[in-house]
Structure formats: C-alpha cells, structure tokens
>>> print(open('input-v5.txt').read())   # compact mmCIF, C-alpha atoms and all ligand atoms
# COMPACT_ATOMS: atom_id res chain seq x y z
CA MET C 1 0.43 -67.13 19.91
CA GLN C 2 -0.10 -63.86 21.78
CA THR C 3 1.23 -60.59 20.42
CA VAL C 4 2.60 -58.34 23.16
CA THR C 5 3.85 -54.77 22.75
CA LEU C 6 7.44 -54.52 23.98
CA ILE C 7 8.88 -51.14 24.98
CA PRO C 8 12.64 -51.57 25.57
CA GLY C 9 12.93 -48.06 27.09
CA ASP C 10 16.33 -46.41 27.62
CA GLY C 11 19.15 -46.33 30.19
CA ILE C 12 19.37 -49.94 31.45
CA GLY C 13 16.04 -50.68 29.72
CA PRO C 14 17.40 -52.36 26.57
CA GLU C 15 19.85 -54.54 28.60
CA ILE C 16 17.21 -55.91 30.96
CA THR C 17 14.74 -56.29 28.08
CA THR C 18 17.20 -58.48 26.14
CA SER C 19 17.69 -60.60 29.26
CA VAL C 20 13.97 -61.09 29.88
CA VAL C 21 13.14 -61.83 26.23
CA GLU C 22 15.89 -64.48 26.21
CA ILE C 23 14.60 -66.09 29.42
CA LEU C 24 10.99 -66.15 28.21
CA LYS C 25 12.10 -67.67 24.91
CA ALA C 26 14.07 -70.38 26.73
CA ALA C 27 10.98 -71.18 28.82
CA GLY C 28 8.89 -71.60 25.67
CA ALA C 29 6.60 -68.57 26.05
CA ASP C 30 4.22 -68.36 23.11
CA ILE C 31 4.71 -64.66 22.45
CA GLU C 32 5.31 -62.53 19.39
CA TRP C 33 6.87 -59.20 20.39
CA ASP C 34 5.67 -56.00 18.75
CA ILE C 35 8.70 -53.80 19.53
CA GLN C 36 7.88 -50.11 20.05
CA THR C 37 10.55 -47.58 20.96
CA ALA C 38 9.83 -44.49 23.08
CA GLY C 39 11.83 -41.84 24.95
CA ALA C 40 14.37 -39.10 24.30
CA ASP C 41 15.96 -40.63 21.15
CA VAL C 42 12.53 -41.15 19.64
CA ALA C 43 11.58 -37.55 20.46
CA GLU C 44 14.56 -36.38 18.43
CA LYS C 45 13.67 -38.53 15.42
CA GLU C 46 9.87 -38.47 15.48
CA GLY C 47 9.11 -35.21 17.30
CA ALA C 48 7.47 -36.83 20.36
CA PRO C 49 8.82 -39.16 23.05
CA LEU C 50 5.61 -41.22 23.00
CA PRO C 51 4.43 -41.39 19.38
CA GLU C 52 0.84 -42.41 18.64
CA ARG C 53 2.07 -45.73 17.15
CA VAL C 54 3.04 -46.92 20.67
CA ILE C 55 -0.43 -46.20 22.06
CA GLU C 56 -2.07 -47.79 19.00
CA SER C 57 0.06 -50.92 19.37
CA ILE C 58 -0.98 -51.37 23.03
CA LYS C 59 -4.62 -50.65 22.21
CA LYS C 60 -4.49 -53.36 19.56
CA ASN C 61 -2.56 -55.97 21.59
CA LYS C 62 -4.17 -55.07 24.96
CA VAL C 63 -1.00 -56.00 26.80
CA ALA C 64 2.53 -54.61 26.97
CA LEU C 65 5.81 -55.25 28.73
CA LYS C 66 7.67 -52.03 29.36
CA ALA C 67 11.20 -51.24 30.51
CA PRO C 68 11.88 -47.83 32.11
CA VAL C 69 12.07 -44.61 30.14
CA THR C 70 14.09 -41.58 31.31
CA THR C 71 12.22 -38.37 32.13
CA PRO C 72 14.15 -35.10 32.00
CA ILE C 73 14.17 -33.46 35.46
CA GLY C 74 12.81 -29.93 35.93
CA LYS C 75 12.48 -29.24 32.18
CA GLY C 76 11.89 -31.03 28.88
CA PHE C 77 9.08 -33.40 27.87
CA ARG C 78 6.43 -34.77 30.19
CA SER C 79 7.05 -38.28 31.53
CA VAL C 80 6.35 -40.96 28.90
CA ASN C 81 5.22 -43.20 31.75
CA VAL C 82 2.66 -40.73 33.04
CA GLN C 83 1.46 -39.99 29.48
CA LEU C 84 1.04 -43.67 28.70
CA ARG C 85 -0.93 -44.38 31.87
CA LYS C 86 -3.18 -41.43 31.13
CA ALA C 87 -3.66 -42.15 27.41
CA LEU C 88 -4.72 -45.75 28.07
CA ASP C 89 -6.53 -44.93 31.32
CA LEU C 90 -4.41 -47.49 33.19
CA TYR C 91 -5.93 -46.35 36.44
CA SER C 92 -4.41 -48.84 38.85
CA ASN C 93 -0.76 -49.36 39.54
CA LEU C 94 -0.27 -52.67 41.27
CA ARG C 95 3.00 -53.29 43.08
CA PRO C 96 3.29 -56.53 45.05
CA CYS C 97 6.12 -56.49 47.54
CA LYS C 98 7.22 -59.78 49.06
CA ASN C 99 10.49 -61.15 50.47
CA ILE C 100 12.36 -63.53 48.17
CA GLU C 101 14.22 -66.39 49.83
CA GLY C 102 17.97 -65.87 49.49
CA ILE C 103 17.90 -62.08 49.50
CA LYS C 104 19.07 -60.79 52.86
CA THR C 105 17.06 -57.86 54.22
CA ARG C 106 16.19 -56.47 57.65
CA PHE C 107 12.85 -58.27 57.53
CA ASP C 108 11.78 -61.69 56.31
CA ASN C 109 8.04 -61.29 56.70
CA VAL C 110 7.12 -58.59 54.17
CA ASP C 111 4.14 -59.55 52.03
CA LEU C 112 2.14 -56.52 51.05
CA VAL C 113 0.62 -55.05 47.92
CA ILE C 114 0.54 -51.42 46.90
CA VAL C 115 -2.46 -50.26 44.89
CA ARG C 116 -1.58 -46.80 43.64
CA GLU C 117 -4.03 -44.51 41.83
CA ASN C 118 -2.39 -43.84 38.52
CA THR C 119 -4.14 -41.03 36.65
CA GLU C 120 -4.49 -37.91 38.80
CA ASP C 121 -3.23 -36.19 41.98
CA LEU C 122 -0.13 -34.00 41.44
CA TYR C 123 0.71 -36.20 38.44
CA ALA C 124 -2.02 -34.50 36.41
CA GLY C 125 0.89 -32.20 35.46
CA ILE C 126 -1.09 -28.96 35.88
CA GLU C 127 1.66 -26.57 36.87
CA ARG C 128 2.24 -22.90 36.28
CA GLN C 129 4.86 -20.32 36.92
CA ILE C 130 3.21 -17.51 38.89
CA ASP C 131 6.16 -15.17 38.74
CA GLU C 132 9.91 -15.51 38.73
CA ASP C 133 9.96 -16.59 42.37
CA SER C 134 6.92 -18.79 42.68
CA ALA C 135 5.19 -21.66 40.91
CA GLU C 136 2.15 -23.77 41.65
CA SER C 137 1.00 -27.31 40.97
CA ILE C 138 -2.57 -28.46 41.23
CA LYS C 139 -3.50 -31.64 43.07
CA ILE C 140 -6.59 -33.21 41.55
CA ILE C 141 -8.59 -35.91 43.30
CA THR C 142 -11.94 -36.98 41.83
CA ARG C 143 -14.72 -39.16 43.16
CA LYS C 144 -14.67 -41.30 40.00
CA ALA C 145 -10.96 -42.15 40.21
CA SER C 146 -11.01 -42.63 43.98
CA LEU C 147 -14.01 -44.97 43.90
CA ARG C 148 -12.59 -47.14 41.14
CA ILE C 149 -9.15 -47.46 42.73
CA ALA C 150 -10.71 -48.39 46.08
CA GLU C 151 -12.92 -50.93 44.31
CA PHE C 152 -9.83 -52.34 42.56
CA ALA C 153 -8.02 -52.70 45.91
CA PHE C 154 -10.92 -54.53 47.57
CA GLU C 155 -11.51 -56.75 44.53
CA TYR C 156 -7.80 -57.60 44.51
CA ALA C 157 -8.02 -58.44 48.22
CA VAL C 158 -10.96 -60.79 47.64
CA LYS C 159 -9.41 -62.54 44.63
CA ASN C 160 -6.03 -62.96 46.30
CA ASN C 161 -7.21 -64.01 49.72
CA ARG C 162 -6.02 -60.86 51.43
CA LYS C 163 -7.58 -59.82 54.74
CA LEU C 164 -6.93 -56.11 55.23
CA VAL C 165 -7.10 -52.98 53.06
CA THR C 166 -5.53 -49.79 54.47
CA ALA C 167 -6.31 -46.44 52.83
CA VAL C 168 -3.43 -43.98 53.02
CA SER C 169 -3.79 -40.19 53.01
CA LYS C 170 -2.73 -36.88 54.46
CA ALA C 171 -6.35 -35.90 55.07
CA ASN C 172 -5.47 -33.98 58.24
CA ILE C 173 -3.78 -31.40 55.99
CA CYS C 174 -5.29 -31.91 52.52
CA LYS C 175 -8.79 -32.00 53.94
CA LEU C 176 -10.72 -31.64 50.68
CA THR C 177 -8.61 -33.71 48.28
CA ASP C 178 -7.39 -36.54 50.52
CA GLY C 179 -10.62 -36.18 52.47
CA LEU C 180 -12.53 -37.11 49.30
CA PHE C 181 -10.17 -40.03 48.67
CA LEU C 182 -10.94 -41.40 52.15
CA GLU C 183 -14.66 -40.79 51.82
CA CYS C 184 -14.65 -42.94 48.65
CA ALA C 185 -12.54 -45.68 50.27
CA ARG C 186 -15.00 -45.85 53.19
CA GLU C 187 -17.95 -46.08 50.83
CA ILE C 188 -16.41 -49.03 48.96
CA ALA C 189 -15.25 -50.69 52.21
CA LYS C 190 -18.89 -51.03 53.27
CA LYS C 191 -19.50 -53.35 50.30
CA TYR C 192 -16.79 -55.75 51.51
CA PRO C 193 -17.67 -56.72 55.10
CA ASN C 194 -15.29 -59.70 55.00
CA ILE C 195 -12.24 -57.53 54.39
CA GLU C 196 -10.99 -55.46 57.31
CA TYR C 197 -10.61 -51.75 56.51
CA LYS C 198 -8.23 -49.29 58.19
CA GLU C 199 -6.90 -45.79 57.51
CA ILE C 200 -3.47 -44.30 58.17
CA LEU C 201 -1.68 -41.01 57.53
CA VAL C 202 1.18 -41.38 55.06
CA ASP C 203 3.90 -40.08 57.41
CA ASN C 204 2.90 -42.52 60.13
CA LEU C 205 2.73 -45.28 57.51
CA CYS C 206 6.37 -44.68 56.51
CA MET C 207 7.51 -44.98 60.12
CA GLN C 208 5.44 -48.12 60.73
CA LEU C 209 6.61 -49.73 57.48
CA VAL C 210 10.25 -49.53 58.46
CA GLN C 211 9.46 -50.92 61.93
CA ASN C 212 6.67 -53.46 61.44
CA PRO C 213 6.01 -54.08 57.75
CA GLU C 214 4.21 -57.34 58.55
CA LYS C 215 1.30 -55.28 59.91
CA PHE C 216 0.28 -54.28 56.38
CA ASP C 217 -1.51 -56.22 53.67
CA VAL C 218 -3.12 -54.22 50.81
CA LEU C 219 -2.38 -50.47 50.78
CA VAL C 220 -4.46 -48.14 48.61
CA LEU C 221 -2.97 -44.71 47.97
CA PRO C 222 -3.34 -41.60 45.82
CA ASN C 223 -0.73 -41.28 43.09
CA LEU C 224 2.11 -39.34 44.77
CA TYR C 225 2.14 -41.19 48.10
CA GLY C 226 1.87 -44.45 46.14
CA ASP C 227 4.93 -43.58 44.11
CA ILE C 228 7.06 -42.71 47.13
CA VAL C 229 5.88 -45.53 49.40
CA SER C 230 6.52 -48.05 46.56
CA ASP C 231 10.22 -47.25 46.60
CA LEU C 232 10.28 -47.48 50.40
CA CYS C 233 8.67 -50.92 50.17
CA ALA C 234 11.12 -51.97 47.44
CA GLY C 235 13.86 -51.15 49.97
CA LEU C 236 12.24 -53.47 52.51
CA ILE C 237 12.59 -56.51 50.24
CA GLY C 238 16.05 -55.88 48.82
CA GLY C 239 15.88 -52.86 46.53
CA LEU C 240 14.54 -51.61 43.25
CA GLY C 241 16.24 -54.40 41.28
CA ILE C 242 13.53 -56.83 42.40
CA ALA C 243 10.42 -54.63 42.65
CA GLN C 244 7.80 -55.52 40.06
CA GLY C 245 4.72 -53.65 38.92
CA ALA C 246 1.74 -53.49 36.58
CA ASN C 247 -0.51 -50.72 35.28
CA ILE C 248 -3.99 -52.06 34.75
CA GLY C 249 -7.02 -50.49 33.10
CA LEU C 250 -10.26 -51.79 31.67
CA GLU C 251 -8.93 -52.00 28.09
CA ALA C 252 -5.22 -52.75 28.51
CA ALA C 253 -2.44 -53.67 30.93
CA VAL C 254 1.20 -52.55 30.89
CA PHE C 255 3.63 -54.56 33.02
CA GLU C 256 6.74 -52.70 34.16
CA PRO C 257 9.22 -52.64 37.05
CA VAL C 258 9.02 -49.99 39.78
CA HIS C 259 12.54 -48.74 39.07
CA GLY C 260 13.69 -46.14 36.58
CA SER C 261 16.29 -46.21 33.81
CA ALA C 262 19.25 -46.17 36.27
CA PRO C 263 21.55 -43.99 34.11
CA ASP C 264 24.34 -44.45 36.69
CA ILE C 265 24.83 -48.11 35.64
CA LYS C 266 23.69 -47.90 32.01
CA GLY C 267 25.65 -50.00 29.51
CA GLN C 268 27.79 -51.67 32.20
CA ASN C 269 26.19 -55.13 32.11
CA LYS C 270 25.42 -54.67 35.83
CA ALA C 271 21.66 -54.10 35.87
CA ASN C 272 19.44 -56.58 37.65
CA PRO C 273 16.69 -57.79 35.27
CA THR C 274 14.64 -59.41 38.10
CA ALA C 275 12.09 -56.61 38.49
CA LEU C 276 11.29 -56.69 34.78
CA LEU C 277 11.29 -60.50 34.83
CA LEU C 278 8.85 -60.62 37.77
CA SER C 279 6.66 -58.13 35.89
CA ALA C 280 6.86 -60.41 32.83
CA ILE C 281 5.87 -63.41 34.98
CA GLU C 282 2.73 -61.54 36.08
CA MET C 283 2.12 -60.70 32.42
CA LEU C 284 2.38 -64.39 31.48
CA LYS C 285 -0.27 -65.20 34.11
CA TYR C 286 -2.44 -62.36 32.77
CA ILE C 287 -2.30 -63.79 29.22
CA ASN C 288 -3.06 -67.28 30.50
CA GLN C 289 0.39 -68.78 30.03
CA LYS C 290 0.47 -69.87 33.67
CA ASP C 291 2.63 -72.97 33.15
CA ILE C 292 5.36 -70.90 31.54
CA ALA C 293 5.02 -68.29 34.30
CA GLU C 294 5.54 -70.97 36.95
CA LYS C 295 8.49 -72.45 35.09
CA VAL C 296 10.24 -69.06 34.91
CA GLU C 297 9.36 -68.21 38.51
CA LYS C 298 10.82 -71.49 39.80
CA ALA C 299 14.06 -71.01 37.84
CA LEU C 300 14.36 -67.41 39.04
CA PHE C 301 13.80 -68.22 42.72
CA LYS C 302 16.15 -71.22 42.50
CA THR C 303 18.89 -69.02 41.02
CA ILE C 304 18.47 -66.42 43.76
CA LYS C 305 18.38 -69.04 46.53
CA GLU C 306 21.55 -70.70 45.21
CA GLY C 307 23.18 -67.26 45.55
CA LYS C 308 26.03 -68.16 43.18
CA SER C 309 25.27 -65.67 40.42
CA LEU C 310 23.66 -62.58 41.86
CA THR C 311 24.00 -59.07 40.48
CA ASN C 312 25.82 -56.27 42.36
CA ASP C 313 22.68 -54.74 43.89
CA LEU C 314 21.97 -58.08 45.60
CA GLY C 315 25.51 -58.40 46.96
CA GLY C 316 26.88 -60.63 44.19
CA ASN C 317 29.28 -59.95 41.35
CA ALA C 318 27.56 -61.56 38.37
CA SER C 319 26.93 -59.50 35.26
CA THR C 320 23.44 -59.16 33.77
CA ASN C 321 24.43 -61.77 31.16
CA GLU C 322 25.79 -64.26 33.70
CA TYR C 323 22.68 -63.94 35.86
CA THR C 324 20.48 -64.39 32.78
CA GLN C 325 22.35 -67.55 31.76
CA ALA C 326 22.12 -68.92 35.33
CA ILE C 327 18.32 -68.55 35.22
CA ILE C 328 18.14 -70.13 31.77
CA SER C 329 20.18 -73.11 32.91
CA ASN C 330 17.73 -73.56 35.82
CA ILE C 331 14.72 -73.67 33.51
P1 LIG C 401 16.20 -45.37 39.31
O1 LIG C 401 15.16 -46.31 39.77
O2 LIG C 401 16.53 -45.38 37.86
O3 LIG C 401 17.57 -45.63 40.12
C1 LIG C 401 17.69 -45.50 41.53
C2 LIG C 401 18.89 -46.31 42.02
O4 LIG C 401 18.56 -47.71 41.95
C3 LIG C 401 20.13 -46.13 41.17
O5 LIG C 401 21.27 -46.17 41.99
C4 LIG C 401 20.13 -47.33 40.22
O6 LIG C 401 21.40 -47.74 39.80
C5 LIG C 401 19.46 -48.40 41.09
N1 LIG C 401 18.70 -49.35 40.27
C6 LIG C 401 17.49 -49.12 39.70
N2 LIG C 401 17.12 -50.18 38.99
C7 LIG C 401 18.08 -51.10 39.11
C8 LIG C 401 18.27 -52.42 38.58
N3 LIG C 401 17.36 -53.00 37.78
N4 LIG C 401 19.41 -53.08 38.87
C9 LIG C 401 20.33 -52.52 39.68
N5 LIG C 401 20.21 -51.28 40.22
C10 LIG C 401 19.10 -50.58 39.93
O7 LIG C 401 15.75 -43.91 39.78
P2 LIG C 401 16.27 -42.47 39.33
O8 LIG C 401 17.75 -42.46 39.23
O9 LIG C 401 15.59 -41.55 40.25
O10 LIG C 401 15.63 -42.23 37.90
C11 LIG C 401 16.32 -42.37 36.67
C12 LIG C 401 15.38 -42.06 35.52
O11 LIG C 401 14.34 -43.04 35.43
C13 LIG C 401 14.65 -40.70 35.66
O12 LIG C 401 14.66 -40.10 34.39
C14 LIG C 401 13.27 -41.08 36.07
O13 LIG C 401 12.30 -40.13 35.66
C15 LIG C 401 13.08 -42.38 35.31
N6 LIG C 401 12.06 -43.26 35.90
C16 LIG C 401 11.31 -43.99 35.02
C17 LIG C 401 10.37 -44.87 35.49
C18 LIG C 401 9.59 -45.65 34.49
O14 LIG C 401 9.95 -45.72 33.33
N7 LIG C 401 8.52 -46.30 34.89
C19 LIG C 401 10.13 -45.06 36.92
C20 LIG C 401 11.02 -44.29 37.77
C21 LIG C 401 11.93 -43.41 37.26
>>> encode(input="input-v5.txt", output="structure tokens")
Amino acid sequence: MQTVTLIPGDGIGPEITTSVVEILKAAGADIEWDIQTAGADVAEKEGAPLPERVIESIKKNKVALKAPVTTPIGKGFRSVNVQLRKALDLYSNLRPCKNIEGIKTRFDNVDLVIVRENTEDLYAGIERQIDEDSAESIKIITRKASLRIAEFAFEYAVKNNRKLVTAVSKANICKLTDGLFLECAREIAKKYPNIEYKEILVDNLCMQLVQNPEKFDVLVLPNLYGDIVSDLCAGLIGGLGIAQGANIGLEAAVFEPVHGSAPDIKGQNKANPTALLLSAIEMLKYINQKDIAEKVEKALFKTIKEGKSLTNDLGGNASTNEYTQAIISNI
C-alpha cells in the first residue's frame, strides 16, 4: 500500500478529485490517501494558504496528486502552486501533449512534451512598486537551474525514445538571462550526441506550433514561456480539460493538471476530470502500479473513443458524474 498526499484544491478541484479517486478505487489502485487541504479557505482558518503540514506530508510520502488551487489576481497571497514547487524544489514541470483518439482537433499528429523550468524566472516573485505609476519584476535565470532542467529534458528524451530537444528562449532581447539559459542547454546537448538539438525564439515557436506542431518533440523552456506555451499546446489537443502535468524534483513528485480551478464552471458538475486522471495515471506508473495505470488508461481512452458520454468542453453533454461512471463501467 502506497500513501499519497491528495490536495483536492478549490474551484472545480474537489469535483474532479472525487471523480479520480472513485475511478482509481474501481481499478483497484493500492493507495491510501493523505488528504491535505490548501488555498483561500485554509488561509482564513489557518493563517496561510499553504500550511507547513502540506509540505511535511509530501516530504514524508514523496508523492502527491494535486487538483488546482485558485490564486488571487493582482493582490492577495502568493500562488500556492508556485510556493509548493519552490518549497519542495520540484524543478521540472513535465507536460506531455498528445492527441487522443476521438477528440476532434485541427491536428491529429501532435505528440510533444514540454519541459518547463519550475523554480525561477519571473516566477521568483521578486516585485516592487517603484512609485505610484511604475513597478518592476525581476527575472532570475541561474546556471544551476538551467543546467539541471536541460539535463532533465535530454534524460527524458533518452528514456522515452525521443529524437529532438528544442530549447526555447527570447535571447535576442533578454541577452543575459535567456542567453545563459541557452548557453546551459548547449553545454548539456554536447553530452547527448544521439539526440538532435535545436533552438527557437518563443514568438516563432508559437506561430510554428499552430501551423506545424508535428515538427516538435521535446521542448525545454524557462518558467514563463513554459507556462504560456503549455496552454497553447493544450489547445492543440482539445483544451485544458485533457492536459496533464507533473512537477518532479529529486525528493518528491507532485502530479497535477495544467488547468486552473475554473471558477466559471465550479459546482456545476460540468468539469472534465480527464487532465487530473491522466496526471494520476502517470503517478500510478511513477509508484510502480503500472498494471492499474494501464487498466485506467484503456478505460479512459475507450470512453473517449466511444464518444457517448463526453463532457461539455469536448463537445458532449455528460456531467462529470456521468463521465466518471462511463469510465468505471469500462474498467
Ligand atoms: P483555468 O484553467 O481555470 O480556466 C480556463 C478556461 O478553461 C475556463 O473557461 C475553464 O472553464 C476551462 N477549463 C479549465 N479546466 C477545465 C476542466 N477540467 N474541464 C472543463 N473546462 C475547464 O484558468 P483561469 O481561469 O485563468 O484560472 C483560474 C484560477 O486557477 C486562477 O486563480 C489561477 O491562478 C488558478 N490556476 C491554478 C493552477 C494550479 O493550481 N496549478 C494552474 C493555473 C491556474
């Protein structure tokens, strides 16, 4: 039995968490959930949106499944997600992006992986008000973080039989920061002669992705570009409802979807739990419950291919509960 920290999050978080826990139970996953709440409600009760108990639980269990947590915009507490990644040094954010049979999109040949640096860049949160009319934010790029994320991307490519790693930057403008990121990527690329290495500017990448996504394989990006390009890539395969992710460090891994807490559809039994479920499937593989992972994956893909009970975001009219039950009956 493996104990896994479970963060149900807020917004649609608790709904999709219930769905995924039910599906994993039906598939026979050997997991004991250590439920840890975080977010705005917790901040009110406990004084902080990410209490130390959450960090301690993940440190102890080494693995967590996390639903989205709302971050106040422009004011209020710092993102729980960013804090968590920093506190546990979850330096790589891995976001595989592949077409799923049965989901209609403009392309049917997308199969790429985003490796996003997860601890620095503008997400370091070093901002200051200069005067009433101006503010500044500091973009931090270090050799240590850039080398290890590039190494992670190349290692991932080797282990997963990928052929090409493309480093993404805006080094024509941010010459020192993104320049350092590229310098580190080049240094690591030399150690992997069997993997092709290319570089691209982030604006050009966005254009190319919406025209020829099949040209890309593994993308390695600093934090901010990684965040934005992930959502673009989610759009290529059918939207945020199916975009999975994982935050991986040396001591722990937190599996979570790309999407946020979707307050616009909260509590309406409309949310698509697929992104969290795909993240949970990767988590099952990570904790060596590969048979269960395959069982869930098969049932999920069968349900989507049948197309009878899809959620709104995928063009269907099934509720979260109906979709969940359809997957369970396919297990
Ligand atoms: P969002 O990803 O929550 O929603 C964007 C759009 O996609 C909305 O129309 C929403 O309804 C739809 N959508 C997202 N997930 C869906 C799902 N599973 N099923 C069906 N439709 C789905 O992005 P938004 O609105 O910018 O952010 C909302 C909140 O989430 C913010 O407070 C933000 O900071 C937070 N957030 C949290 C993340 C995390 O916990 N890792 C990641 C991204 C955002």
>>> closest_atom_pairs(input="input-v5.txt", of="chain C", to="ligand LIG 401 (chain C)", cutoff="7 Å", atoms="all atoms listed in the file", output="tab-separated table")
residue	atom	partner	partner_atom	distance
C:Ala67	CA	C:LIG401	O14	6.3
C:Pro68	CA	C:LIG401	O14	3.1
C:Val69	CA	C:LIG401	O14	4.0
C:Thr70	CA	C:LIG401	O12	3.5
C:Thr71	CA	C:LIG401	O12	3.7
C:Pro72	CA	C:LIG401	O12	5.6
C:Ile73	CA	C:LIG401	O12	6.7
C:Ser79	CA	C:LIG401	O13	6.9
C:Asn81	CA	C:LIG401	N7	5.5
C:Leu240	CA	C:LIG401	N2	5.2
C:Gly241	CA	C:LIG401	C8	3.9
C:Glu256	CA	C:LIG401	N7	6.7
C:Pro257	CA	C:LIG401	N7	6.7
C:Val258	CA	C:LIG401	C19	5.8
C:His259	CA	C:LIG401	O1	3.6
C:Gly260	CA	C:LIG401	O2	3.2
C:Ser261	CA	C:LIG401	O11	4.1
C:Ala262	CA	C:LIG401	O2	3.2
C:Pro263	CA	C:LIG401	C11	6.0
C:Asp264	CA	C:LIG401	O6	5.4
C:Ile265	CA	C:LIG401	O6	5.4
C:Lys270	CA	C:LIG401	C9	6.7
C:Ala271	CA	C:LIG401	N4	3.9
C:Asn272	CA	C:LIG401	N4	3.7
C:Pro273	CA	C:LIG401	N3	5.4
C:Thr274	CA	C:LIG401	N3	7.0
C:Ala275	CA	C:LIG401	N3	6.4
C:Asp313	CA	C:LIG401	C9	5.3
>>> write_last_selection(input="input-v5.txt", atoms="C-alpha atoms", output="JSON list (two decimals), in the coordinates of the input")
[["chain", "number", "residue", "atom", "x", "y", "z"],
["C", 67, "ALA", "CA", 11.20, -51.24, 30.51],
["C", 68, "PRO", "CA", 11.88, -47.83, 32.11],
["C", 69, "VAL", "CA", 12.07, -44.61, 30.14],
["C", 70, "THR", "CA", 14.09, -41.58, 31.31],
["C", 71, "THR", "CA", 12.22, -38.37, 32.13],
["C", 72, "PRO", "CA", 14.15, -35.10, 32.00],
["C", 73, "ILE", "CA", 14.17, -33.46, 35.46],
["C", 79, "SER", "CA", 7.05, -38.28, 31.53],
["C", 81, "ASN", "CA", 5.22, -43.20, 31.75],
["C", 240, "LEU", "CA", 14.54, -51.61, 43.25],
["C", 241, "GLY", "CA", 16.24, -54.40, 41.28],
["C", 256, "GLU", "CA", 6.74, -52.70, 34.16],
["C", 257, "PRO", "CA", 9.22, -52.64, 37.05],
["C", 258, "VAL", "CA", 9.02, -49.99, 39.78],
["C", 259, "HIS", "CA", 12.54, -48.74, 39.07],
["C", 260, "GLY", "CA", 13.69, -46.14, 36.58],
["C", 261, "SER", "CA", 16.29, -46.21, 33.81],
["C", 262, "ALA", "CA", 19.25, -46.17, 36.27],
["C", 263, "PRO", "CA", 21.55, -43.99, 34.11],
["C", 264, "ASP", "CA", 24.34, -44.45, 36.69],
["C", 265, "ILE", "CA", 24.83, -48.11, 35.64],
["C", 270, "LYS", "CA", 25.42, -54.67, 35.83],
["C", 271, "ALA", "CA", 21.66, -54.10, 35.87],
["C", 272, "ASN", "CA", 19.44, -56.58, 37.65],
["C", 273, "PRO", "CA", 16.69, -57.79, 35.27],
["C", 274, "THR", "CA", 14.64, -59.41, 38.10],
["C", 275, "ALA", "CA", 12.09, -56.61, 38.49],
["C", 313, "ASP", "CA", 22.68, -54.74, 43.89]]
>>> atom_distance(input="input-v5.txt", atom1="CA of Thr5 (chain C)", atom2="CA of Asp34 (chain C)")
4.6 Å
>>> residues_around(input="input-v5.txt", residues="Ala253 (chain C)", least_positions_apart="6", cutoff="8 Å", atoms="only C-alpha atoms", output="MDAnalysis selection string")
chainID C and resid 62:64 90 246:247
>>> atom_distance(input="input-v5.txt", atom1="CA of Asp231 (chain C)", atom2="CA of Ala48 (chain C)")
28.4 Å
>>> closest_residue(input="input-v5.txt", among="C:Val4, C:Ser230, C:Ser329, C:Thr17", to="Val54 (chain C)", atoms="all atoms listed in the file")
C:Val4
